[in-house]
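Peer 1: One structure, as structure tokens, below. Some questions next.
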Amino acid sequence: MNNPKIWLSTPHMGGSELNYIHEAFDTNWISPLGLNITEFEHDLENYLSQNVFATALSSATAAIHLGLILLGVKAGDVVICQSMTFSASANPILYQGATPVFVDSEIETWNLCPIALEEAIVDTVHKGQIPKAIITVHLYGVPYKIDEIRAIANKYNIPILEDSAEALGSSYKGKKCGTFGDISVFSFNGNKIITTSGGGILITSSKHTKKKAQFLASQAKDEAPHYQHSELGYNYQMSNICAGIGRGQMKVLEKHIALRRTMHDFYVSLFENISGITVFSTINPDYFANYWLTSILVNSAETKNGINRENIRLALLDSNIECRPLWKPMHLQPLYENYPFYGNKIAETLFENGLSLPSGSNLTDSDRDRIRTALLKLLC
Ligand SMILES: *Cc1c(COP(=O)(O)O)cnc(C)c1O
């Protein structure tokens, strides 16, 4: 009777992770330094293969915070951020004492709307400030409109901080996500496509920027025999144990991407003949998504008996299957509701009608059967 819980996205070990952890124990590198860290960074650099430098950190949130610092964001500055995202994309703006300006999504990629972005920049400039950075996001692993957003950023000479937390393995026109920003970040939180149990990484094309990121992440210690500090530092390094998990996970990344994409295919065919449900998918072959999470939009005007997003969520919950409304836009969050927002109601409408479904690379045929049965029972 008691079916085990089916989760949205859980850690999925590949098998070799423990070897690297044992190695760290055997050599006593139980610290935020060691071979696992440098090798994990190299693995990422080779994977992205665009002459980039990677700095392993304690989280993507830490990476975004350091990214803003490296881009020169200071108290009183304005930073533009996609509204529809996880709070960790935006919170580091407040850590810096800067002001977030939120921008709506467009309907094709659910990411930054180029028109609303330009409106936000022009209006901010009109009010006397040039935005210091634009934080872009590849929601659920679907790349944003890379060319359009880059053109606008270049036109106004504003750097991009690319939040690729959800998009490891995604690409646009054959180039990997995580290489489009002036600084980019990935997350290895437990629910992401690969995990280090918790961790993140900062990607830059400049060796100097990497050095500076490492310096800031390790308490900004000046060169001296004693502890000497001229700058504000942070304790943001990744542990050599966690990096060992990451090295093992890199070996199964391609497999995980394929399995996540199989989950997306599963939902596409499941909903093929069900009216009122759209599976969020890339718009053309320029876009390659890792489909970290597969999400749907529910149009209750077209579903059987007017079933809406919440009906589906509760029915799945009843069958012990986890699913989640899409990210609630930042401009609708109590924490951020008083900051400027540019756009219309795209993100808001997506939030009201969108649902992310179980998408893990470790889901089984029997899990898929249970999901299919629960959904068909409700919607057919
Ligand atoms: C998960 C996530 C983060 C935060 O990553 P952590 O490693 O948990 O700090 C940031 N942005 C987005 C879009 C995310 O999905």
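Please note that chains go A, B, ... in the order of the structure tokens, that every chain numbers its residues from 1, and that ligands are numbered from 1 in the order shown.
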Using DSSP on the backbone, list every residue of range 154-242 of chain A that comes out as alpha helix (DSSP H), and give them as a PyMOL selection string.

Peer 2: chain A and resi 154-155+207-217+240-242

Peer 1: Could you turn the residues from that selection into a file that holds N, CA and C atoms, as a compact mmCIF listing (two decimals), in the first residue's frame?

Peer 2:
# COMPACT_ATOMS: atom_id res chain seq x y z
N ASN A 154 26.31 44.02 -24.75
CA ASN A 154 27.43 44.69 -25.42
C ASN A 154 27.09 46.12 -25.80
N LYS A 155 25.86 46.31 -26.26
CA LYS A 155 25.43 47.66 -26.68
C LYS A 155 25.59 48.65 -25.53
N LYS A 207 42.84 33.88 -16.30
CA LYS A 207 43.58 33.21 -15.23
C LYS A 207 43.70 34.13 -14.03
N HIS A 208 43.84 35.40 -14.29
CA HIS A 208 43.95 36.40 -13.23
C HIS A 208 42.67 36.41 -12.38
N THR A 209 41.51 36.34 -13.06
CA THR A 209 40.23 36.35 -12.33
C THR A 209 40.11 35.09 -11.46
N LYS A 210 40.57 33.96 -12.00
CA LYS A 210 40.55 32.74 -11.20
C LYS A 210 41.39 32.91 -9.93
N LYS A 211 42.59 33.44 -10.10
CA LYS A 211 43.48 33.66 -8.95
C LYS A 211 42.80 34.54 -7.90
N LYS A 212 42.14 35.58 -8.39
CA LYS A 212 41.47 36.52 -7.49
C LYS A 212 40.29 35.83 -6.78
N ALA A 213 39.56 34.97 -7.53
CA ALA A 213 38.45 34.24 -6.92
C ALA A 213 38.97 33.33 -5.80
N GLN A 214 40.08 32.64 -6.07
CA GLN A 214 40.66 31.75 -5.06
C GLN A 214 41.12 32.54 -3.83
N PHE A 215 41.68 33.70 -4.08
CA PHE A 215 42.16 34.58 -3.00
C PHE A 215 40.98 35.02 -2.11
N LEU A 216 39.92 35.48 -2.74
CA LEU A 216 38.77 35.96 -1.97
C LEU A 216 38.06 34.81 -1.24
N ALA A 217 38.05 33.63 -1.88
CA ALA A 217 37.33 32.48 -1.31
C ALA A 217 38.08 31.86 -0.13
N ASN A 240 37.97 19.13 -0.20
CA ASN A 240 38.61 18.12 -1.05
C ASN A 240 37.81 16.81 -1.05
N ILE A 241 37.01 16.59 0.02
CA ILE A 241 36.14 15.41 0.07
C ILE A 241 34.99 15.58 -0.93
N CYS A 242 34.36 16.74 -0.88
CA CYS A 242 33.25 17.01 -1.81
C CYS A 242 33.73 16.96 -3.25

Peer 1: Which residues sit within 8 Å of ligand 1, counting only C-alpha atoms and all ligand atoms, listed as an mmCIF file with all heavy atoms, in the first residue's frame?

Peer 2:
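Once everything was written out, this is selection-v3.cif:
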data_model
loop_
_atom_site.group_PDB
_atom_site.id
_atom_site.type_symbol
_atom_site.label_atom_id
_atom_site.label_comp_id
_atom_site.auth_asym_id
_atom_site.auth_seq_id
_atom_site.Cartn_x
_atom_site.Cartn_y
_atom_site.Cartn_z
ATOM 1 N N SER A 58 32.136 26.504 -2.379
ATOM 2 C CA SER A 58 31.226 25.788 -1.478
ATOM 3 C C SER A 58 29.800 25.730 -1.998
ATOM 4 O O SER A 58 29.009 24.896 -1.561
ATOM 5 C CB SER A 58 31.256 26.443 -0.099
ATOM 6 O OG SER A 58 30.998 27.828 -0.218
ATOM 7 N N SER A 59 29.423 26.614 -2.911
ATOM 8 C CA SER A 59 28.067 26.605 -3.479
ATOM 9 C C SER A 59 28.030 27.527 -4.694
ATOM 10 O O SER A 59 28.934 28.353 -4.889
ATOM 11 C CB SER A 59 27.036 27.093 -2.450
ATOM 12 O OG SER A 59 27.219 28.472 -2.203
ATOM 13 N N ALA A 60 26.963 27.397 -5.469
ATOM 14 C CA ALA A 60 26.767 28.340 -6.569
ATOM 15 C C ALA A 60 26.410 29.714 -6.020
ATOM 16 O O ALA A 60 26.749 30.739 -6.617
ATOM 17 C CB ALA A 60 25.673 27.850 -7.514
ATOM 18 N N THR A 61 25.732 29.744 -4.883
ATOM 19 C CA THR A 61 25.408 31.029 -4.265
ATOM 20 C C THR A 61 26.699 31.797 -3.954
ATOM 21 O O THR A 61 26.803 32.997 -4.255
ATOM 22 C CB THR A 61 24.604 30.808 -2.961
ATOM 23 O OG1 THR A 61 23.543 29.887 -3.228
ATOM 24 C CG2 THR A 61 24.039 32.105 -2.437
ATOM 25 N N ALA A 62 27.677 31.087 -3.379
ATOM 26 C CA ALA A 62 28.983 31.699 -3.111
ATOM 27 C C ALA A 62 29.634 32.150 -4.415
ATOM 28 O O ALA A 62 30.248 33.230 -4.479
ATOM 29 C CB ALA A 62 29.889 30.705 -2.384
ATOM 30 N N ALA A 63 29.493 31.336 -5.466
ATOM 31 C CA ALA A 63 30.103 31.676 -6.761
ATOM 32 C C ALA A 63 29.463 32.940 -7.340
ATOM 33 O O ALA A 63 30.155 33.801 -7.898
ATOM 34 C CB ALA A 63 29.958 30.505 -7.731
ATOM 35 N N ILE A 64 28.141 33.068 -7.205
ATOM 36 C CA ILE A 64 27.469 34.278 -7.709
ATOM 37 C C ILE A 64 27.922 35.489 -6.891
ATOM 38 O O ILE A 64 28.198 36.562 -7.443
ATOM 39 C CB ILE A 64 25.932 34.108 -7.652
ATOM 40 C CG1 ILE A 64 25.492 33.015 -8.639
ATOM 41 C CG2 ILE A 64 25.221 35.421 -7.978
ATOM 42 C CD1 ILE A 64 24.047 32.562 -8.480
ATOM 43 N N THR A 85 13.395 32.885 -11.182
ATOM 44 C CA THR A 85 14.562 32.074 -10.858
ATOM 45 C C THR A 85 14.505 31.692 -9.394
ATOM 46 O O THR A 85 13.599 32.100 -8.660
ATOM 47 C CB THR A 85 15.871 32.838 -11.164
ATOM 48 O OG1 THR A 85 16.989 31.971 -10.941
ATOM 49 C CG2 THR A 85 16.025 34.078 -10.283
ATOM 50 N N PHE A 86 15.463 30.912 -8.968
ATOM 51 C CA PHE A 86 15.622 30.598 -7.551
ATOM 52 C C PHE A 86 16.241 31.812 -6.858
ATOM 53 O O PHE A 86 17.051 32.529 -7.456
ATOM 54 C CB PHE A 86 16.521 29.366 -7.423
ATOM 55 C CG PHE A 86 16.758 28.917 -6.010
ATOM 56 C CD1 PHE A 86 15.706 28.771 -5.117
ATOM 57 C CD2 PHE A 86 18.035 28.630 -5.576
ATOM 58 C CE1 PHE A 86 15.921 28.351 -3.819
ATOM 59 C CE2 PHE A 86 18.269 28.197 -4.278
ATOM 60 C CZ PHE A 86 17.210 28.066 -3.390
ATOM 61 N N SER A 87 15.900 32.014 -5.594
ATOM 62 C CA SER A 87 16.337 33.221 -4.868
ATOM 63 C C SER A 87 17.864 33.367 -4.838
ATOM 64 O O SER A 87 18.374 34.479 -4.729
ATOM 65 C CB SER A 87 15.799 33.196 -3.445
ATOM 66 O OG SER A 87 16.328 32.081 -2.749
ATOM 67 N N ALA A 88 18.586 32.251 -4.960
ATOM 68 C CA ALA A 88 20.046 32.308 -4.880
ATOM 69 C C ALA A 88 20.662 33.086 -6.048
ATOM 70 O O ALA A 88 21.795 33.542 -5.948
ATOM 71 C CB ALA A 88 20.639 30.900 -4.844
ATOM 72 N N SER A 89 19.918 33.239 -7.158
ATOM 73 C CA SER A 89 20.431 34.079 -8.254
ATOM 74 C C SER A 89 20.502 35.532 -7.812
ATOM 75 O O SER A 89 21.392 36.268 -8.227
ATOM 76 C CB SER A 89 19.509 34.016 -9.478
ATOM 77 O OG SER A 89 19.326 32.714 -9.931
ATOM 78 N N VAL A 137 19.881 33.537 -16.464
ATOM 79 C CA VAL A 137 19.631 32.180 -15.946
ATOM 80 C C VAL A 137 19.150 31.281 -17.087
ATOM 81 O O VAL A 137 18.400 31.739 -17.961
ATOM 82 C CB VAL A 137 18.552 32.193 -14.835
ATOM 83 C CG1 VAL A 137 18.430 30.814 -14.177
ATOM 84 C CG2 VAL A 137 18.840 33.257 -13.786
ATOM 85 N N HIS A 138 19.609 30.022 -17.095
ATOM 86 C CA HIS A 138 19.082 29.007 -18.029
ATOM 87 C C HIS A 138 18.106 28.139 -17.231
ATOM 88 O O HIS A 138 18.489 27.095 -16.681
ATOM 89 C CB HIS A 138 20.188 28.125 -18.575
ATOM 90 C CG HIS A 138 21.367 28.855 -19.152
ATOM 91 N ND1 HIS A 138 21.328 29.495 -20.369
ATOM 92 C CD2 HIS A 138 22.633 29.022 -18.695
ATOM 93 C CE1 HIS A 138 22.521 30.016 -20.635
ATOM 94 N NE2 HIS A 138 23.327 29.745 -19.629
ATOM 95 N N LEU A 139 16.868 28.562 -17.159
ATOM 96 C CA LEU A 139 15.888 27.896 -16.296
ATOM 97 C C LEU A 139 15.657 26.449 -16.716
ATOM 98 O O LEU A 139 15.398 26.178 -17.890
ATOM 99 C CB LEU A 139 14.586 28.679 -16.372
ATOM 100 C CG LEU A 139 13.856 28.999 -15.077
ATOM 101 C CD1 LEU A 139 14.767 29.615 -14.027
ATOM 102 C CD2 LEU A 139 12.683 29.907 -15.362
ATOM 103 N N TYR A 140 15.727 25.560 -15.749
ATOM 104 C CA TYR A 140 15.481 24.124 -15.961
ATOM 105 C C TYR A 140 16.401 23.540 -17.037
ATOM 106 O O TYR A 140 16.098 22.515 -17.641
ATOM 107 C CB TYR A 140 14.001 23.874 -16.284
ATOM 108 C CG TYR A 140 13.095 24.472 -15.242
ATOM 109 C CD1 TYR A 140 12.238 25.520 -15.535
ATOM 110 C CD2 TYR A 140 13.152 24.004 -13.935
ATOM 111 C CE1 TYR A 140 11.451 26.102 -14.546
ATOM 112 C CE2 TYR A 140 12.371 24.568 -12.938
ATOM 113 C CZ TYR A 140 11.526 25.612 -13.245
ATOM 114 O OH TYR A 140 10.763 26.184 -12.265
ATOM 115 N N ASP A 163 24.178 32.564 -14.648
ATOM 116 C CA ASP A 163 23.827 31.559 -13.638
ATOM 117 C C ASP A 163 23.424 30.272 -14.371
ATOM 118 O O ASP A 163 22.287 30.098 -14.783
ATOM 119 C CB ASP A 163 22.681 32.083 -12.762
ATOM 120 C CG ASP A 163 22.262 31.084 -11.691
ATOM 121 O OD1 ASP A 163 22.738 29.934 -11.724
ATOM 122 O OD2 ASP A 163 21.444 31.452 -10.829
ATOM 123 N N SER A 164 24.409 29.375 -14.528
ATOM 124 C CA SER A 164 24.196 28.098 -15.218
ATOM 125 C C SER A 164 23.941 26.975 -14.226
ATOM 126 O O SER A 164 24.148 25.795 -14.562
ATOM 127 C CB SER A 164 25.432 27.740 -16.056
ATOM 128 O OG SER A 164 25.618 28.671 -17.076
ATOM 129 N N ALA A 165 23.502 27.331 -13.023
ATOM 130 C CA ALA A 165 23.327 26.337 -11.947
ATOM 131 C C ALA A 165 22.548 25.110 -12.419
ATOM 132 O O ALA A 165 22.825 23.995 -12.002
ATOM 133 C CB ALA A 165 22.628 26.977 -10.755
ATOM 134 N N GLU A 166 21.586 25.340 -13.312
ATOM 135 C CA GLU A 166 20.707 24.240 -13.729
ATOM 136 C C GLU A 166 21.086 23.688 -15.103
ATOM 137 O O GLU A 166 20.397 22.804 -15.620
ATOM 138 C CB GLU A 166 19.250 24.768 -13.770
ATOM 139 C CG GLU A 166 18.809 25.325 -12.421
ATOM 140 C CD GLU A 166 17.415 25.947 -12.410
ATOM 141 O OE1 GLU A 166 16.734 25.897 -13.459
ATOM 142 O OE2 GLU A 166 17.014 26.470 -11.368
ATOM 143 N N PHE A 186 28.206 27.228 -11.924
ATOM 144 C CA PHE A 186 27.409 25.998 -11.866
ATOM 145 C C PHE A 186 27.176 25.634 -10.407
ATOM 146 O O PHE A 186 27.965 26.009 -9.536
ATOM 147 C CB PHE A 186 28.148 24.826 -12.530
ATOM 148 C CG PHE A 186 28.280 24.941 -14.017
ATOM 149 C CD1 PHE A 186 29.513 25.229 -14.592
ATOM 150 C CD2 PHE A 186 27.186 24.753 -14.846
ATOM 151 C CE1 PHE A 186 29.646 25.333 -15.969
ATOM 152 C CE2 PHE A 186 27.312 24.847 -16.223
ATOM 153 C CZ PHE A 186 28.541 25.141 -16.786
ATOM 154 N N SER A 187 26.111 24.854 -10.177
ATOM 155 C CA SER A 187 25.819 24.353 -8.832
ATOM 156 C C SER A 187 25.942 22.831 -8.814
ATOM 157 O O SER A 187 25.557 22.150 -9.768
ATOM 158 C CB SER A 187 24.396 24.738 -8.422
ATOM 159 O OG SER A 187 24.029 24.052 -7.237
ATOM 160 N N PHE A 188 26.454 22.312 -7.697
ATOM 161 C CA PHE A 188 26.493 20.861 -7.469
ATOM 162 C C PHE A 188 25.724 20.519 -6.202
ATOM 163 O O PHE A 188 26.101 19.635 -5.440
ATOM 164 C CB PHE A 188 27.947 20.373 -7.391
ATOM 165 C CG PHE A 188 28.767 20.823 -8.562
ATOM 166 C CD1 PHE A 188 29.772 21.766 -8.390
ATOM 167 C CD2 PHE A 188 28.513 20.345 -9.834
ATOM 168 C CE1 PHE A 188 30.523 22.212 -9.474
ATOM 169 C CE2 PHE A 188 29.252 20.795 -10.924
ATOM 170 C CZ PHE A 188 30.258 21.724 -10.736
ATOM 171 N N ASN A 189 24.642 21.265 -5.981
ATOM 172 C CA ASN A 189 23.739 20.962 -4.872
ATOM 173 C C ASN A 189 23.148 19.557 -5.090
ATOM 174 O O ASN A 189 23.175 19.038 -6.212
ATOM 175 C CB ASN A 189 22.650 22.036 -4.824
ATOM 176 C CG ASN A 189 21.803 21.928 -3.573
ATOM 177 O OD1 ASN A 189 22.299 21.553 -2.509
ATOM 178 N ND2 ASN A 189 20.529 22.234 -3.702
ATOM 179 N N GLY A 190 22.601 18.984 -4.031
ATOM 180 C CA GLY A 190 22.120 17.602 -4.097
ATOM 181 C C GLY A 190 21.058 17.342 -5.141
ATOM 182 O O GLY A 190 20.892 16.207 -5.593
ATOM 183 N N ASN A 191 20.307 18.365 -5.536
ATOM 184 C CA ASN A 191 19.210 18.146 -6.484
ATOM 185 C C ASN A 191 19.610 18.438 -7.934
ATOM 186 O O ASN A 191 18.794 18.283 -8.834
ATOM 187 C CB ASN A 191 18.009 19.017 -6.098
ATOM 188 C CG ASN A 191 18.311 20.499 -6.180
ATOM 189 O OD1 ASN A 191 19.469 20.896 -6.268
ATOM 190 N ND2 ASN A 191 17.295 21.322 -6.156
ATOM 191 N N LYS A 192 20.844 18.845 -8.187
ATOM 192 C CA LYS A 192 21.235 19.218 -9.539
ATOM 193 C C LYS A 192 21.649 17.985 -10.358
ATOM 194 O O LYS A 192 21.651 16.866 -9.848
ATOM 195 C CB LYS A 192 22.363 20.266 -9.480
ATOM 196 C CG LYS A 192 21.944 21.592 -8.809
ATOM 197 C CD LYS A 192 20.750 22.242 -9.477
ATOM 198 C CE LYS A 192 20.572 23.726 -9.199
ATOM 199 N NZ LYS A 192 20.257 24.113 -7.831
ATOM 200 N N GLY A 198 26.928 19.283 -2.181
ATOM 201 C CA GLY A 198 26.806 20.716 -1.950
ATOM 202 C C GLY A 198 28.068 21.335 -2.489
ATOM 203 O O GLY A 198 29.167 20.944 -2.099
ATOM 204 N N GLY A 199 27.922 22.266 -3.412
ATOM 205 C CA GLY A 199 29.115 22.892 -3.979
ATOM 206 C C GLY A 199 28.757 23.703 -5.198
ATOM 207 O O GLY A 199 27.617 23.679 -5.672
ATOM 208 N N GLY A 200 29.729 24.440 -5.673
ATOM 209 C CA GLY A 200 29.523 25.255 -6.865
ATOM 210 C C GLY A 200 30.853 25.511 -7.521
ATOM 211 O O GLY A 200 31.907 25.092 -7.002
#

Peer 1: Set the distance at 8 Å and use only C-alpha atoms: which residues neighbour Ala98 in chain A once local chain neighbours fewer than 2 positions away are removed? I'd like the list as an MDAnalysis selection string.

Peer 2: chainID A and resid 73:79 93:96 100

Peer 1: Considering only C-alpha atoms, return as a ChimeraX atom specification whatever protein or nucleic-acid residues lie within 7 Å of Phe53 in chain A, sequence-local ones (same chain, fewer than 5 positions apart) excluded.

Peer 2: /A:45,203-207,210

Peer 1: Could you please take those selected residues and save N, CA and C atoms as an mmCIF file, in the first residue's frame?

Peer 2:
data_model
loop_
_atom_site.group_PDB
_atom_site.id
_atom_site.type_symbol
_atom_site.label_atom_id
_atom_site.label_comp_id
_atom_site.auth_asym_id
_atom_site.auth_seq_id
_atom_site.Cartn_x
_atom_site.Cartn_y
_atom_site.Cartn_z
ATOM 1 N N GLU A 45 36.958 22.213 -16.724
ATOM 2 C CA GLU A 45 37.587 23.021 -17.778
ATOM 3 C C GLU A 45 37.638 22.230 -19.084
ATOM 4 N N ILE A 203 33.362 30.048 -13.262
ATOM 5 C CA ILE A 203 34.043 29.893 -14.547
ATOM 6 C C ILE A 203 34.401 31.277 -15.094
ATOM 7 N N THR A 204 35.655 31.411 -15.505
ATOM 8 C CA THR A 204 36.103 32.672 -16.099
ATOM 9 C C THR A 204 37.088 32.347 -17.217
ATOM 10 N N SER A 205 37.234 33.274 -18.155
ATOM 11 C CA SER A 205 38.213 33.048 -19.224
ATOM 12 C C SER A 205 39.567 33.663 -18.871
ATOM 13 N N SER A 206 39.673 34.254 -17.684
ATOM 14 C CA SER A 206 40.913 34.917 -17.294
ATOM 15 C C SER A 206 41.574 34.219 -16.115
ATOM 16 N N LYS A 207 42.840 33.876 -16.303
ATOM 17 C CA LYS A 207 43.585 33.213 -15.233
ATOM 18 C C LYS A 207 43.704 34.132 -14.027
ATOM 19 N N LYS A 210 40.574 33.964 -12.002
ATOM 20 C CA LYS A 210 40.550 32.740 -11.197
ATOM 21 C C LYS A 210 41.392 32.907 -9.931
#

Peer 1: With DSSP run on the backbone, what are the strand (DSSP E or B) residues within range 53-268 of chain A? I'd like them as a VMD selection string.

Peer 2: chain A and resid 53 to 57 78 to 82 99 to 103 105 112 133 to 137 160 to 163 171 to 172 175 to 176 183 to 187 200 to 204 218 235 237

Peer 1: From the options A:Gln129, A:Thr303, A:Asn344, A:Thr373, which residue's atoms come nearest to Ala315 in chain A, counting only C-alpha atoms?

Peer 2: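 Distance minimum relative to Ala315 in chain A lands on A:Thr373.
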
Peer 1: Pick out the residues sitting within 6 Å of Tyr342 in chain A, and hand them over as a ChimeraX atom specification; count only C-alpha atoms, and ignore anything fewer than 3 positions along from it in its own chain.

Peer 2: /A:103,116,120

Peer 1: Using only C-alpha atoms, which residues sit within 6 Å of range 141-146 of chain A once same-chain residues fewer than 5 positions away are excluded, as a ChimeraX atom specification?

Peer 2: /A:109,111,166-167,289-292

Peer 1: Between A:Gly343, A:Leu379, A:Ser230, A:Arg150, single out the one closest to Ile277 in chain A, counting only C-alpha atoms.

Peer 2: A:Leu379

Peer 1: Using only C-alpha atoms, which residues sit within 8 Å of Pro358 in chain A once same-chain residues fewer than 2 positions away are excluded, as a list in words?

Peer 2: Ile6, Trp7, Leu8, Ser9, Leu293, Thr294, Ile321, Glu322, Cys323, Ser356 and Gly360 of chain A

Peer 1: Rank nothing, just name the residue among A:Thr136, A:Gly14, A:Ile160, A:Lys127 nearest to Ser105 in chain A, using only C-alpha atoms.

Peer 2: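 When distances to Ser105 in chain A are compared using only C-alpha atoms, the smallest one comes from A:Thr136.
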
Peer 1: Restricting the calculation to only C-alpha atoms, which member of A:Lys304, A:Ser170, A:Gly181, A:Asp123 is positioned closest to Ile135 in chain A?

Peer 2: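 Of the candidates, the smallest distance to Ile135 in chain A is held by A:Gly181.
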
Peer 1: Go through A:Leu376, A:Ile312, A:Leu57, A:Met330 one by one, measure the shortest atom-to-atom distance of each to Phe271 in chain A using only C-alpha atoms, and give the residue with the smallest value.

Peer 2: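 Going through A:Leu376, A:Ile312, A:Leu57, A:Met330 one by one, the smallest distance to Phe271 in chain A is for A:Leu376.
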
Peer 1: Pick from A:Val122, A:Gly178, A:Thr195, A:Glu348: nearest to Val252 in chain A, with only C-alpha atoms counted?

Peer 2: A:Thr195

Peer 1: In Å, rounded to a single decimal, give me how far CA of Glu119 in chain A is from CA of Phe180 in chain A.

Peer 2: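 For CA of Phe180 in chain A relative to CA of Glu119 in chain A, the distance reads 21.9 Å.
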